[in-house]
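Here's the structure we're looking at; comments come further down.
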Amino acid sequence: MSFRSTILAAAALLATSSAHMLMENPTPFSVDQINNDPINAAGFPCKANIGFKITKMNNMAVGAAQQVKLKGSAVHAGGSCQLSITTDKEPTKDSVFKVIKSYEGACPEEGKPLDFTLPASVPNGEATFAWTWFNKIGNREMYMNCAPITITGGASDTAAFMALPDMFTANIGGSCKTADNFAVKFPNPGEDVTKSSEEFLAPLGECGATGGGGTAPPAGSPSAAPSAAPSVPPAGPSPSAPAASNTGGPPMGTGVPSVPSSAPVTPPTGGNSCTTEGAIICIGSNQFGICANGVAVPQALAAGTTCSNGNITKRGYNGRIARPRI
């Protein structure tokens, strides 16, 4: 290999190592093994696959000024971030992360820390702090780093803490995804929100009332289809008739056998057939669908947007934004 080729290869390796973003403060778990890759369903939460080794315990007092410092240069035009806490010291897929701060748009910005304070609702003691990020441009990804923390000056119980919104999850399995070229608008960002002046777009697909909650869906699993039909009313006296007294005999049958709970759910009708699970399917000029169980059910596009070639963009936008090489 020539000297010039060696230099170019080294430069490419350096660029790759600094791509994406990584939480530097508070000090993450397993800091000697953590990387700046996006998280997937297998590593959710916190890149649990590399473990929860504590290099430094991060002390945080309620009400005191705190900062999240990030390392890296590929901010992917920003996006939206959340800061969350779970009381579990070594979180699992069943752990519940509660949002304490949301940043909608312009997050992260290169070289700029995220300022926040812990609310009075967080309970005292050891816990796990999480930074999550949904990039604006590039592949549809979710980034997540976690750190061990000890909280002081907080609540003595978890009642108010559990009333906080659940952490939003997307792009790691199932149909919940963020739209390309837009900062995501969180379904439930909580009370402490920093917003930029840019346009936002709600997430696509089945994301749940609070945006996915604290549990990641398994990779590739589609959202459950709605029930095919309402239950059949039981036969017998009209609703206005008084109920018969119980004589000790067996109850009257309804004439309609009960449907086993394990029966397969019929896919929704009226959708478009598709083959790639979780893919965005453009349907006409003003509808889209998320491929689930081989069917994309039409949904209305948000005002001012259009769907083309599996991407949702602002109407009148000519061409896709070039994704940076990383």
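Following the order of the structure tokens, chains are lettered A, B, ..., residues in each are numbered from 1, and ligands are numbered from 1.
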
For Thr194 (chain A), list every protein, DNA or RNA residue within 7 Å, evaluated using only C-alpha atoms, and leave out those in the same chain fewer than 4 positions away; present the list as an MDAnalysis selection string.
chainID A and resid 102:104

Store the residues picked out above in a file with C-alpha atoms, as a PDB file, in the first residue's frame.
```
ATOM      1  CA  SER A 102     -37.498  17.288  25.764  1.00  0.00           C
ATOM      2  CA  TYR A 103     -35.739  19.199  22.985  1.00  0.00           C
ATOM      3  CA  GLU A 104     -37.793  19.451  19.786  1.00  0.00           C
TER       4      GLU A 104
END
```

Expected answer as a PyMOL selection string: strand (DSSP E or B) residues in region 31-244 of chain A
chain A and resi 58-61+66-71+79-86+98-104+114-116+123+125-135+143-152+155+166+177+183-184+193-195+200-201+204

Here is a test: counting only C-alpha atoms, which residue of A:Ala163, A:Ile50, A:Leu118, A:Ala65 is nearest to Asn145 (chain A)?
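Closest to Asn145 (chain A), using only C-alpha atoms: A:Ile50.
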
Which residue of A:Ala74, A:Ile149, A:Met144, A:Ile137 approaches Ile34 (chain A) most closely, using only C-alpha atoms
A:Met144

Within 8 Å of region 173-191 of chain A, which residues of region 55-104 of chain A come that close, and what is the closest atom pair and distance in Å for each? Count only C-alpha atoms and give it as CSV.
```
residue,atom,partner,partner_atom,distance
A:Gly78,CA,A:Ala183,CA,7.5
A:Gly79,CA,A:Ala183,CA,4.4
A:Ser80,CA,A:Ala183,CA,5.6
A:Val99,CA,A:Gly190,CA,6.7
A:Ile100,CA,A:Gly190,CA,7.1
A:Lys101,CA,A:Gly190,CA,7.0
A:Ser102,CA,A:Pro189,CA,5.6
A:Glu104,CA,A:Lys185,CA,6.3
```

Selection from above, C-alpha atoms, as a compact mmCIF listing (two decimals), in the first residue's frame, can you write it?
```txt
# COMPACT_ATOMS: atom_id res chain seq x y z
CA GLY A 78 -30.04 17.99 14.41
CA GLY A 79 -33.35 16.38 15.24
CA SER A 80 -35.11 15.91 18.58
CA VAL A 99 -39.07 12.02 30.59
CA ILE A 100 -37.66 14.99 32.52
CA LYS A 101 -36.76 17.21 29.53
CA SER A 102 -37.50 17.29 25.76
CA GLU A 104 -37.79 19.45 19.79
```

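In this structure, CA of Pro45 (chain A) sits 16.5 Å away from CA of Thr27 (chain A).
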